$ cat target17.txt   # compact mmCIF, N, CA, C and O atoms
# COMPACT_ATOMS: atom_id res chain seq x y z
N MET V 29 10.38 6.85 -24.72
CA MET V 29 11.64 6.16 -24.59
C MET V 29 12.31 6.48 -23.26
O MET V 29 12.84 5.60 -22.60
N GLU V 30 12.27 7.76 -22.87
CA GLU V 30 12.91 8.16 -21.61
C GLU V 30 12.25 7.47 -20.41
O GLU V 30 12.93 6.99 -19.50
N ARG V 31 10.93 7.38 -20.44
CA ARG V 31 10.21 6.73 -19.34
C ARG V 31 10.58 5.25 -19.25
O ARG V 31 10.77 4.72 -18.16
N THR V 32 10.70 4.60 -20.40
CA THR V 32 11.09 3.19 -20.44
C THR V 32 12.48 3.01 -19.83
O THR V 32 12.70 2.10 -19.04
N GLN V 33 13.39 3.88 -20.19
CA GLN V 33 14.75 3.79 -19.65
C GLN V 33 14.74 4.01 -18.14
O GLN V 33 15.48 3.32 -17.41
N GLN V 34 13.93 4.93 -17.66
CA GLN V 34 13.84 5.18 -16.22
C GLN V 34 13.30 3.94 -15.50
O GLN V 34 13.80 3.59 -14.42
N GLN V 35 12.31 3.31 -16.09
CA GLN V 35 11.74 2.11 -15.47
C GLN V 35 12.75 0.97 -15.47
O GLN V 35 12.88 0.26 -14.47
N HIS V 36 13.46 0.80 -16.56
CA HIS V 36 14.49 -0.25 -16.61
C HIS V 36 15.55 0.02 -15.55
O HIS V 36 16.02 -0.91 -14.87
N ARG V 37 15.93 1.27 -15.40
CA ARG V 37 16.94 1.63 -14.41
C ARG V 37 16.43 1.35 -13.00
O ARG V 37 17.18 0.85 -12.15
N ALA V 38 15.17 1.66 -12.75
CA ALA V 38 14.59 1.41 -11.43
C ALA V 38 14.57 -0.09 -11.12
O ALA V 38 14.85 -0.50 -9.99
N ILE V 39 14.25 -0.90 -12.12
CA ILE V 39 14.26 -2.36 -11.95
C ILE V 39 15.68 -2.82 -11.64
O ILE V 39 15.90 -3.57 -10.69
N TYR V 40 16.63 -2.36 -12.41
CA TYR V 40 18.04 -2.72 -12.20
C TYR V 40 18.51 -2.31 -10.81
O TYR V 40 19.13 -3.09 -10.09
N ASP V 41 18.21 -1.07 -10.43
CA ASP V 41 18.65 -0.57 -9.13
C ASP V 41 18.06 -1.39 -7.99
O ASP V 41 18.74 -1.68 -7.01
N ALA V 42 16.80 -1.77 -8.12
CA ALA V 42 16.17 -2.58 -7.08
C ALA V 42 16.82 -3.96 -6.99
O ALA V 42 17.04 -4.47 -5.89
N ILE V 43 17.14 -4.54 -8.13
CA ILE V 43 17.82 -5.84 -8.12
C ILE V 43 19.21 -5.69 -7.49
O ILE V 43 19.60 -6.50 -6.65
N ALA V 44 19.94 -4.66 -7.89
CA ALA V 44 21.28 -4.44 -7.35
C ALA V 44 21.24 -4.21 -5.84
O ALA V 44 22.17 -4.61 -5.13
N ALA V 45 20.16 -3.60 -5.36
CA ALA V 45 20.01 -3.35 -3.93
C ALA V 45 19.42 -4.55 -3.20
O ALA V 45 19.15 -4.46 -1.99
N ARG V 46 19.24 -5.65 -3.92
CA ARG V 46 18.67 -6.88 -3.34
C ARG V 46 17.30 -6.63 -2.72
O ARG V 46 17.00 -7.04 -1.60
N ARG V 47 16.47 -5.92 -3.50
CA ARG V 47 15.10 -5.62 -3.07
C ARG V 47 14.13 -6.21 -4.11
O ARG V 47 13.59 -5.49 -4.95
N PRO V 48 13.94 -7.54 -4.06
CA PRO V 48 13.14 -8.20 -5.08
C PRO V 48 11.69 -7.72 -5.16
O PRO V 48 11.11 -7.66 -6.25
N GLU V 49 11.11 -7.36 -4.02
CA GLU V 49 9.72 -6.88 -4.05
C GLU V 49 9.61 -5.58 -4.83
O GLU V 49 8.66 -5.37 -5.59
N LEU V 50 10.58 -4.71 -4.64
CA LEU V 50 10.58 -3.44 -5.35
C LEU V 50 10.83 -3.67 -6.84
O LEU V 50 10.19 -3.05 -7.70
N ALA V 51 11.77 -4.56 -7.17
CA ALA V 51 12.04 -4.88 -8.57
C ALA V 51 10.78 -5.44 -9.24
O ALA V 51 10.44 -5.07 -10.37
N ARG V 52 10.09 -6.33 -8.54
CA ARG V 52 8.85 -6.92 -9.08
C ARG V 52 7.80 -5.84 -9.30
O ARG V 52 7.10 -5.83 -10.31
N ALA V 53 7.67 -4.92 -8.35
CA ALA V 53 6.69 -3.84 -8.48
C ALA V 53 7.00 -2.98 -9.70
O ALA V 53 6.10 -2.65 -10.49
N TRP V 54 8.27 -2.61 -9.85
CA TRP V 54 8.64 -1.80 -11.01
C TRP V 54 8.43 -2.57 -12.32
O TRP V 54 8.00 -2.00 -13.31
N ALA V 55 8.74 -3.85 -12.32
CA ALA V 55 8.54 -4.66 -13.52
C ALA V 55 7.06 -4.72 -13.87
O ALA V 55 6.68 -4.64 -15.05
N THR V 56 6.20 -4.84 -12.86
CA THR V 56 4.76 -4.88 -13.10
C THR V 56 4.28 -3.56 -13.69
O THR V 56 3.49 -3.55 -14.65
N VAL V 57 4.74 -2.46 -13.14
CA VAL V 57 4.39 -1.14 -13.68
C VAL V 57 4.85 -1.04 -15.13
O VAL V 57 4.10 -0.61 -16.02
N HIS V 58 6.08 -1.44 -15.37
CA HIS V 58 6.65 -1.34 -16.71
C HIS V 58 5.86 -2.16 -17.72
O HIS V 58 5.48 -1.66 -18.79
N VAL V 59 5.59 -3.42 -17.40
CA VAL V 59 4.86 -4.29 -18.33
C VAL V 59 3.46 -3.73 -18.58
O VAL V 59 2.99 -3.71 -19.72
N GLY V 60 2.81 -3.23 -17.55
CA GLY V 60 1.48 -2.64 -17.72
C GLY V 60 1.51 -1.45 -18.67
O GLY V 60 0.63 -1.31 -19.52
N GLU V 61 2.50 -0.60 -18.52
CA GLU V 61 2.59 0.57 -19.40
C GLU V 61 2.92 0.17 -20.84
O GLU V 61 2.41 0.77 -21.78
N VAL V 62 3.76 -0.84 -21.01
CA VAL V 62 4.07 -1.32 -22.36
C VAL V 62 2.81 -1.92 -22.99
O VAL V 62 2.52 -1.66 -24.16
N GLU V 63 2.05 -2.69 -22.23
CA GLU V 63 0.81 -3.26 -22.75
C GLU V 63 -0.15 -2.15 -23.18
O GLU V 63 -0.77 -2.22 -24.25
N GLN V 64 -0.28 -1.12 -22.35
CA GLN V 64 -1.15 0.00 -22.67
C GLN V 64 -0.68 0.70 -23.95
O GLN V 64 -1.49 1.04 -24.82
N TRP V 65 0.60 0.92 -24.07
CA TRP V 65 1.15 1.57 -25.25
C TRP V 65 0.88 0.73 -26.50
O TRP V 65 0.48 1.26 -27.54
N LEU V 66 1.10 -0.59 -26.39
CA LEU V 66 0.86 -1.46 -27.53
C LEU V 66 -0.60 -1.44 -27.96
O LEU V 66 -0.91 -1.38 -29.15
N ARG V 67 -1.49 -1.51 -26.99
CA ARG V 67 -2.92 -1.47 -27.33
C ARG V 67 -3.27 -0.18 -28.06
O ARG V 67 -3.99 -0.20 -29.05
N GLY V 68 -2.76 0.93 -27.57
CA GLY V 68 -3.03 2.21 -28.23
C GLY V 68 -2.40 2.30 -29.60
O GLY V 68 -3.02 2.79 -30.56
N THR V 69 -1.19 1.81 -29.73
CA THR V 69 -0.47 1.87 -31.00
C THR V 69 -1.10 0.96 -32.04
O THR V 69 -1.22 1.32 -33.20
N LEU V 70 -1.50 -0.24 -31.60
CA LEU V 70 -2.07 -1.21 -32.52
C LEU V 70 -3.58 -1.07 -32.67
O LEU V 70 -4.17 -1.77 -33.49
N GLY V 71 -4.19 -0.22 -31.87
CA GLY V 71 -5.62 -0.03 -31.95
C GLY V 71 -6.40 -1.21 -31.39
O GLY V 71 -7.54 -1.46 -31.78
N VAL V 72 -5.82 -1.90 -30.44
CA VAL V 72 -6.49 -3.05 -29.82
C VAL V 72 -7.40 -2.52 -28.73
O VAL V 72 -6.99 -1.71 -27.90
N ASP V 73 -8.62 -3.05 -28.69
CA ASP V 73 -9.59 -2.55 -27.71
C ASP V 73 -9.55 -3.29 -26.38
O ASP V 73 -10.36 -3.08 -25.51
N GLY V 74 -8.61 -4.22 -26.23
CA GLY V 74 -8.49 -4.94 -24.98
C GLY V 74 -9.27 -6.24 -24.95
O GLY V 74 -9.28 -6.95 -23.96
N ALA V 75 -9.94 -6.56 -26.05
CA ALA V 75 -10.72 -7.79 -26.11
C ALA V 75 -9.78 -8.99 -26.14
O ALA V 75 -8.68 -8.93 -26.70
N ALA V 76 -10.22 -10.08 -25.55
CA ALA V 76 -9.43 -11.32 -25.56
C ALA V 76 -9.39 -11.87 -26.98
O ALA V 76 -10.34 -11.75 -27.73
N PRO V 77 -8.26 -12.49 -27.36
CA PRO V 77 -8.17 -13.08 -28.69
C PRO V 77 -9.17 -14.20 -28.87
O PRO V 77 -9.51 -14.91 -27.94
N ALA V 78 -9.64 -14.34 -30.08
CA ALA V 78 -10.65 -15.39 -30.39
C ALA V 78 -10.01 -16.75 -30.53
O ALA V 78 -8.89 -16.93 -30.77
$ encode --input "target17.txt" --output "structure tokens"
Amino acid sequence: MERTQQQHRAIYDAIAARRPELARAWATVHVGEVEQWLRGTLGVDGAAPA
């Protein structure tokens, strides 16, 4: 939870600083980590849906 909050804050700060490239980079990192967490939590092996 703390890591998620830090990432959200980093995205917000980048937007507030008018640094869209940095905001996009942080958003990409965040989404990737959430996807990884979901796969591990749900036991998904990364296979494409049928």
$ residues_around --input "target17.txt" --residues "Ala38 of chain V" --least-positions-apart "6" --cutoff "8 Å" --atoms "only N, CA, C and O atoms" --output "PDB file with N, CA, C and O atoms, keeping the file's coordinate frame"
ATOM      1  N   ARG V  31      10.930   7.380 -20.440  1.00  0.00           N
ATOM      2  CA  ARG V  31      10.210   6.730 -19.340  1.00  0.00           C
ATOM      3  C   ARG V  31      10.580   5.250 -19.250  1.00  0.00           C
ATOM      4  O   ARG V  31      10.770   4.720 -18.160  1.00  0.00           O
ATOM      5  N   THR V  32      10.700   4.600 -20.400  1.00  0.00           N
ATOM      6  CA  THR V  32      11.090   3.190 -20.440  1.00  0.00           C
ATOM      7  C   THR V  32      12.480   3.010 -19.830  1.00  0.00           C
ATOM      8  O   THR V  32      12.700   2.100 -19.040  1.00  0.00           O
ATOM      9  N   ALA V  44      19.940  -4.660  -7.890  1.00  0.00           N
ATOM     10  CA  ALA V  44      21.280  -4.440  -7.350  1.00  0.00           C
ATOM     11  C   ALA V  44      21.240  -4.210  -5.840  1.00  0.00           C
ATOM     12  O   ALA V  44      22.170  -4.610  -5.130  1.00  0.00           O
ATOM     13  N   ALA V  45      20.160  -3.600  -5.360  1.00  0.00           N
ATOM     14  CA  ALA V  45      20.010  -3.350  -3.930  1.00  0.00           C
ATOM     15  C   ALA V  45      19.420  -4.550  -3.200  1.00  0.00           C
ATOM     16  O   ALA V  45      19.150  -4.460  -1.990  1.00  0.00           O
ATOM     17  N   ARG V  47      16.470  -5.920  -3.500  1.00  0.00           N
ATOM     18  CA  ARG V  47      15.100  -5.620  -3.070  1.00  0.00           C
ATOM     19  C   ARG V  47      14.130  -6.210  -4.110  1.00  0.00           C
ATOM     20  O   ARG V  47      13.590  -5.490  -4.950  1.00  0.00           O
ATOM     21  N   LEU V  50      10.580  -4.710  -4.640  1.00  0.00           N
ATOM     22  CA  LEU V  50      10.580  -3.440  -5.350  1.00  0.00           C
ATOM     23  C   LEU V  50      10.830  -3.670  -6.840  1.00  0.00           C
ATOM     24  O   LEU V  50      10.190  -3.050  -7.700  1.00  0.00           O
ATOM     25  N   ALA V  51      11.770  -4.560  -7.170  1.00  0.00           N
ATOM     26  CA  ALA V  51      12.040  -4.880  -8.570  1.00  0.00           C
ATOM     27  C   ALA V  51      10.780  -5.440  -9.240  1.00  0.00           C
ATOM     28  O   ALA V  51      10.440  -5.070 -10.370  1.00  0.00           O
ATOM     29  N   ARG V  52      10.090  -6.330  -8.540  1.00  0.00           N
ATOM     30  CA  ARG V  52       8.850  -6.920  -9.080  1.00  0.00           C
ATOM     31  C   ARG V  52       7.800  -5.840  -9.300  1.00  0.00           C
ATOM     32  O   ARG V  52       7.100  -5.830 -10.310  1.00  0.00           O
ATOM     33  N   TRP V  54       8.270  -2.610  -9.850  1.00  0.00           N
ATOM     34  CA  TRP V  54       8.640  -1.800 -11.010  1.00  0.00           C
ATOM     35  C   TRP V  54       8.430  -2.570 -12.320  1.00  0.00           C
ATOM     36  O   TRP V  54       8.000  -2.000 -13.310  1.00  0.00           O
ATOM     37  N   ALA V  55       8.740  -3.850 -12.320  1.00  0.00           N
ATOM     38  CA  ALA V  55       8.540  -4.660 -13.520  1.00  0.00           C
ATOM     39  C   ALA V  55       7.060  -4.720 -13.870  1.00  0.00           C
ATOM     40  O   ALA V  55       6.680  -4.640 -15.050  1.00  0.00           O
TER      41      ALA V  55
END
$ atom_distance --input "target17.txt" --atom1 "atom CA of His36 of chain V" --atom2 "atom CA of His58 of chain V"
7.9 Å
$ residues_near_point --input "target17.txt" --point "(5.4, 0.4, -21.9)" --cutoff "12 Å" --atoms "only C-alpha atoms" --output "PyMOL selection string"
chain V and resi 29-36+54-69
$ select_by_dssp --input "target17.txt" --residues "chain V" --states "alpha helix (DSSP H)" --output "PDB file with N, CA, C and O atoms, in the frame of the given file"
ATOM      1  N   GLU V  30      12.270   7.760 -22.870  1.00  0.00           N
ATOM      2  CA  GLU V  30      12.910   8.160 -21.610  1.00  0.00           C
ATOM      3  C   GLU V  30      12.250   7.470 -20.410  1.00  0.00           C
ATOM      4  O   GLU V  30      12.930   6.990 -19.500  1.00  0.00           O
ATOM      5  N   ARG V  31      10.930   7.380 -20.440  1.00  0.00           N
ATOM      6  CA  ARG V  31      10.210   6.730 -19.340  1.00  0.00           C
ATOM      7  C   ARG V  31      10.580   5.250 -19.250  1.00  0.00           C
ATOM      8  O   ARG V  31      10.770   4.720 -18.160  1.00  0.00           O
ATOM      9  N   THR V  32      10.700   4.600 -20.400  1.00  0.00           N
ATOM     10  CA  THR V  32      11.090   3.190 -20.440  1.00  0.00           C
ATOM     11  C   THR V  32      12.480   3.010 -19.830  1.00  0.00           C
ATOM     12  O   THR V  32      12.700   2.100 -19.040  1.00  0.00           O
ATOM     13  N   GLN V  33      13.390   3.880 -20.190  1.00  0.00           N
ATOM     14  CA  GLN V  33      14.750   3.790 -19.650  1.00  0.00           C
ATOM     15  C   GLN V  33      14.740   4.010 -18.140  1.00  0.00           C
ATOM     16  O   GLN V  33      15.480   3.320 -17.410  1.00  0.00           O
ATOM     17  N   GLN V  34      13.930   4.930 -17.660  1.00  0.00           N
ATOM     18  CA  GLN V  34      13.840   5.180 -16.220  1.00  0.00           C
ATOM     19  C   GLN V  34      13.300   3.940 -15.500  1.00  0.00           C
ATOM     20  O   GLN V  34      13.800   3.590 -14.420  1.00  0.00           O
ATOM     21  N   GLN V  35      12.310   3.310 -16.090  1.00  0.00           N
ATOM     22  CA  GLN V  35      11.740   2.110 -15.470  1.00  0.00           C
ATOM     23  C   GLN V  35      12.750   0.970 -15.470  1.00  0.00           C
ATOM     24  O   GLN V  35      12.880   0.260 -14.470  1.00  0.00           O
ATOM     25  N   HIS V  36      13.460   0.800 -16.560  1.00  0.00           N
ATOM     26  CA  HIS V  36      14.490  -0.250 -16.610  1.00  0.00           C
ATOM     27  C   HIS V  36      15.550   0.020 -15.550  1.00  0.00           C
ATOM     28  O   HIS V  36      16.020  -0.910 -14.870  1.00  0.00           O
ATOM     29  N   ARG V  37      15.930   1.270 -15.400  1.00  0.00           N
ATOM     30  CA  ARG V  37      16.940   1.630 -14.410  1.00  0.00           C
ATOM     31  C   ARG V  37      16.430   1.350 -13.000  1.00  0.00           C
ATOM     32  O   ARG V  37      17.180   0.850 -12.150  1.00  0.00           O
ATOM     33  N   ALA V  38      15.170   1.660 -12.750  1.00  0.00           N
ATOM     34  CA  ALA V  38      14.590   1.410 -11.430  1.00  0.00           C
ATOM     35  C   ALA V  38      14.570  -0.090 -11.120  1.00  0.00           C
ATOM     36  O   ALA V  38      14.850  -0.500  -9.990  1.00  0.00           O
ATOM     37  N   ILE V  39      14.250  -0.900 -12.120  1.00  0.00           N
ATOM     38  CA  ILE V  39      14.260  -2.360 -11.950  1.00  0.00           C
ATOM     39  C   ILE V  39      15.680  -2.820 -11.640  1.00  0.00           C
ATOM     40  O   ILE V  39      15.900  -3.570 -10.690  1.00  0.00           O
ATOM     41  N   TYR V  40      16.630  -2.360 -12.410  1.00  0.00           N
ATOM     42  CA  TYR V  40      18.040  -2.720 -12.200  1.00  0.00           C
ATOM     43  C   TYR V  40      18.510  -2.310 -10.810  1.00  0.00           C
ATOM     44  O   TYR V  40      19.130  -3.090 -10.090  1.00  0.00           O
ATOM     45  N   ASP V  41      18.210  -1.070 -10.430  1.00  0.00           N
ATOM     46  CA  ASP V  41      18.650  -0.570  -9.130  1.00  0.00           C
ATOM     47  C   ASP V  41      18.060  -1.390  -7.990  1.00  0.00           C
ATOM     48  O   ASP V  41      18.740  -1.680  -7.010  1.00  0.00           O
ATOM     49  N   ALA V  42      16.800  -1.770  -8.120  1.00  0.00           N
ATOM     50  CA  ALA V  42      16.170  -2.580  -7.080  1.00  0.00           C
ATOM     51  C   ALA V  42      16.820  -3.960  -6.990  1.00  0.00           C
ATOM     52  O   ALA V  42      17.040  -4.470  -5.890  1.00  0.00           O
ATOM     53  N   ILE V  43      17.140  -4.540  -8.130  1.00  0.00           N
ATOM     54  CA  ILE V  43      17.820  -5.840  -8.120  1.00  0.00           C
ATOM     55  C   ILE V  43      19.210  -5.690  -7.490  1.00  0.00           C
ATOM     56  O   ILE V  43      19.600  -6.500  -6.650  1.00  0.00           O
ATOM     57  N   ALA V  44      19.940  -4.660  -7.890  1.00  0.00           N
ATOM     58  CA  ALA V  44      21.280  -4.440  -7.350  1.00  0.00           C
ATOM     59  C   ALA V  44      21.240  -4.210  -5.840  1.00  0.00           C
ATOM     60  O   ALA V  44      22.170  -4.610  -5.130  1.00  0.00           O
ATOM     61  N   PRO V  48      13.940  -7.540  -4.060  1.00  0.00           N
ATOM     62  CA  PRO V  48      13.140  -8.200  -5.080  1.00  0.00           C
ATOM     63  C   PRO V  48      11.690  -7.720  -5.160  1.00  0.00           C
ATOM     64  O   PRO V  48      11.110  -7.660  -6.250  1.00  0.00           O
ATOM     65  N   GLU V  49      11.110  -7.360  -4.020  1.00  0.00           N
ATOM     66  CA  GLU V  49       9.720  -6.880  -4.050  1.00  0.00           C
ATOM     67  C   GLU V  49       9.610  -5.580  -4.830  1.00  0.00           C
ATOM     68  O   GLU V  49       8.660  -5.370  -5.590  1.00  0.00           O
ATOM     69  N   LEU V  50      10.580  -4.710  -4.640  1.00  0.00           N
ATOM     70  CA  LEU V  50      10.580  -3.440  -5.350  1.00  0.00           C
ATOM     71  C   LEU V  50      10.830  -3.670  -6.840  1.00  0.00           C
ATOM     72  O   LEU V  50      10.190  -3.050  -7.700  1.00  0.00           O
ATOM     73  N   ALA V  51      11.770  -4.560  -7.170  1.00  0.00           N
ATOM     74  CA  ALA V  51      12.040  -4.880  -8.570  1.00  0.00           C
ATOM     75  C   ALA V  51      10.780  -5.440  -9.240  1.00  0.00           C
ATOM     76  O   ALA V  51      10.440  -5.070 -10.370  1.00  0.00           O
ATOM     77  N   ARG V  52      10.090  -6.330  -8.540  1.00  0.00           N
ATOM     78  CA  ARG V  52       8.850  -6.920  -9.080  1.00  0.00           C
ATOM     79  C   ARG V  52       7.800  -5.840  -9.300  1.00  0.00           C
ATOM     80  O   ARG V  52       7.100  -5.830 -10.310  1.00  0.00           O
ATOM     81  N   ALA V  53       7.670  -4.920  -8.350  1.00  0.00           N
ATOM     82  CA  ALA V  53       6.690  -3.840  -8.480  1.00  0.00           C
ATOM     83  C   ALA V  53       7.000  -2.980  -9.700  1.00  0.00           C
ATOM     84  O   ALA V  53       6.100  -2.650 -10.490  1.00  0.00           O
ATOM     85  N   TRP V  54       8.270  -2.610  -9.850  1.00  0.00           N
ATOM     86  CA  TRP V  54       8.640  -1.800 -11.010  1.00  0.00           C
ATOM     87  C   TRP V  54       8.430  -2.570 -12.320  1.00  0.00           C
ATOM     88  O   TRP V  54       8.000  -2.000 -13.310  1.00  0.00           O
ATOM     89  N   ALA V  55       8.740  -3.850 -12.320  1.00  0.00           N
ATOM     90  CA  ALA V  55       8.540  -4.660 -13.520  1.00  0.00           C
ATOM     91  C   ALA V  55       7.060  -4.720 -13.870  1.00  0.00           C
ATOM     92  O   ALA V  55       6.680  -4.640 -15.050  1.00  0.00           O
ATOM     93  N   THR V  56       6.200  -4.840 -12.860  1.00  0.00           N
ATOM     94  CA  THR V  56       4.760  -4.880 -13.100  1.00  0.00           C
ATOM     95  C   THR V  56       4.280  -3.560 -13.690  1.00  0.00           C
ATOM     96  O   THR V  56       3.490  -3.550 -14.650  1.00  0.00           O
ATOM     97  N   VAL V  57       4.740  -2.460 -13.140  1.00  0.00           N
ATOM     98  CA  VAL V  57       4.390  -1.140 -13.680  1.00  0.00           C
ATOM     99  C   VAL V  57       4.850  -1.040 -15.130  1.00  0.00           C
ATOM    100  O   VAL V  57       4.100  -0.610 -16.020  1.00  0.00           O
ATOM    101  N   HIS V  58       6.080  -1.440 -15.370  1.00  0.00           N
ATOM    102  CA  HIS V  58       6.650  -1.340 -16.710  1.00  0.00           C
ATOM    103  C   HIS V  58       5.860  -2.160 -17.720  1.00  0.00           C
ATOM    104  O   HIS V  58       5.480  -1.660 -18.790  1.00  0.00           O
ATOM    105  N   VAL V  59       5.590  -3.420 -17.400  1.00  0.00           N
ATOM    106  CA  VAL V  59       4.860  -4.290 -18.330  1.00  0.00           C
ATOM    107  C   VAL V  59       3.460  -3.730 -18.580  1.00  0.00           C
ATOM    108  O   VAL V  59       2.990  -3.710 -19.720  1.00  0.00           O
ATOM    109  N   GLY V  60       2.810  -3.230 -17.550  1.00  0.00           N
ATOM    110  CA  GLY V  60       1.480  -2.640 -17.720  1.00  0.00           C
ATOM    111  C   GLY V  60       1.510  -1.450 -18.670  1.00  0.00           C
ATOM    112  O   GLY V  60       0.630  -1.310 -19.520  1.00  0.00           O
ATOM    113  N   GLU V  61       2.500  -0.600 -18.520  1.00  0.00           N
ATOM    114  CA  GLU V  61       2.590   0.570 -19.400  1.00  0.00           C
ATOM    115  C   GLU V  61       2.920   0.170 -20.840  1.00  0.00           C
ATOM    116  O   GLU V  61       2.410   0.770 -21.780  1.00  0.00           O
ATOM    117  N   VAL V  62       3.760  -0.840 -21.010  1.00  0.00           N
ATOM    118  CA  VAL V  62       4.070  -1.320 -22.360  1.00  0.00           C
ATOM    119  C   VAL V  62       2.810  -1.920 -22.990  1.00  0.00           C
ATOM    120  O   VAL V  62       2.520  -1.660 -24.160  1.00  0.00           O
ATOM    121  N   GLU V  63       2.050  -2.690 -22.230  1.00  0.00           N
ATOM    122  CA  GLU V  63       0.810  -3.260 -22.750  1.00  0.00           C
ATOM    123  C   GLU V  63      -0.150  -2.150 -23.180  1.00  0.00           C
ATOM    124  O   GLU V  63      -0.770  -2.220 -24.250  1.00  0.00           O
ATOM    125  N   GLN V  64      -0.280  -1.120 -22.350  1.00  0.00           N
ATOM    126  CA  GLN V  64      -1.150   0.000 -22.670  1.00  0.00           C
ATOM    127  C   GLN V  64      -0.680   0.700 -23.950  1.00  0.00           C
ATOM    128  O   GLN V  64      -1.490   1.040 -24.820  1.00  0.00           O
ATOM    129  N   TRP V  65       0.600   0.920 -24.070  1.00  0.00           N
ATOM    130  CA  TRP V  65       1.150   1.570 -25.250  1.00  0.00           C
ATOM    131  C   TRP V  65       0.880   0.730 -26.500  1.00  0.00           C
ATOM    132  O   TRP V  65       0.480   1.260 -27.540  1.00  0.00           O
ATOM    133  N   LEU V  66       1.100  -0.590 -26.390  1.00  0.00           N
ATOM    134  CA  LEU V  66       0.860  -1.460 -27.530  1.00  0.00           C
ATOM    135  C   LEU V  66      -0.600  -1.440 -27.960  1.00  0.00           C
ATOM    136  O   LEU V  66      -0.910  -1.380 -29.150  1.00  0.00           O
ATOM    137  N   ARG V  67      -1.490  -1.510 -26.990  1.00  0.00           N
ATOM    138  CA  ARG V  67      -2.920  -1.470 -27.330  1.00  0.00           C
ATOM    139  C   ARG V  67      -3.270  -0.180 -28.060  1.00  0.00           C
ATOM    140  O   ARG V  67      -3.990  -0.200 -29.050  1.00  0.00           O
ATOM    141  N   GLY V  68      -2.760   0.930 -27.570  1.00  0.00           N
ATOM    142  CA  GLY V  68      -3.030   2.210 -28.230  1.00  0.00           C
ATOM    143  C   GLY V  68      -2.400   2.300 -29.600  1.00  0.00           C
ATOM    144  O   GLY V  68      -3.020   2.790 -30.560  1.00  0.00           O
ATOM    145  N   THR V  69      -1.190   1.810 -29.730  1.00  0.00           N
ATOM    146  CA  THR V  69      -0.470   1.870 -31.000  1.00  0.00           C
ATOM    147  C   THR V  69      -1.100   0.960 -32.040  1.00  0.00           C
ATOM    148  O   THR V  69      -1.220   1.320 -33.200  1.00  0.00           O
ATOM    149  N   LEU V  70      -1.500  -0.240 -31.600  1.00  0.00           N
ATOM    150  CA  LEU V  70      -2.070  -1.210 -32.520  1.00  0.00           C
ATOM    151  C   LEU V  70      -3.580  -1.070 -32.670  1.00  0.00           C
ATOM    152  O   LEU V  70      -4.170  -1.770 -33.490  1.00  0.00           O
TER     153      LEU V  70
END
$ axis_aligned_box --input "target17.txt" --around "segment 40-57 of chain V" --padding-each-side "3 Å" --output "AutoDock Vina command-line options"
--center_x 12.8 --center_y -4.4 --center_z -8.8 --size_x 24.7 --size_y 13.6 --size_z 20.4
$ atom_distance --input "target17.txt" --atom1 "atom CA of Val72 of chain V" --atom2 "atom O of Glu49 of chain V"
28.7 Å
$ atom_distance --input "target17.txt" --atom1 "atom CA of Tyr40 of chain V" --atom2 "atom CA of Leu70 of chain V"
28.6 Å
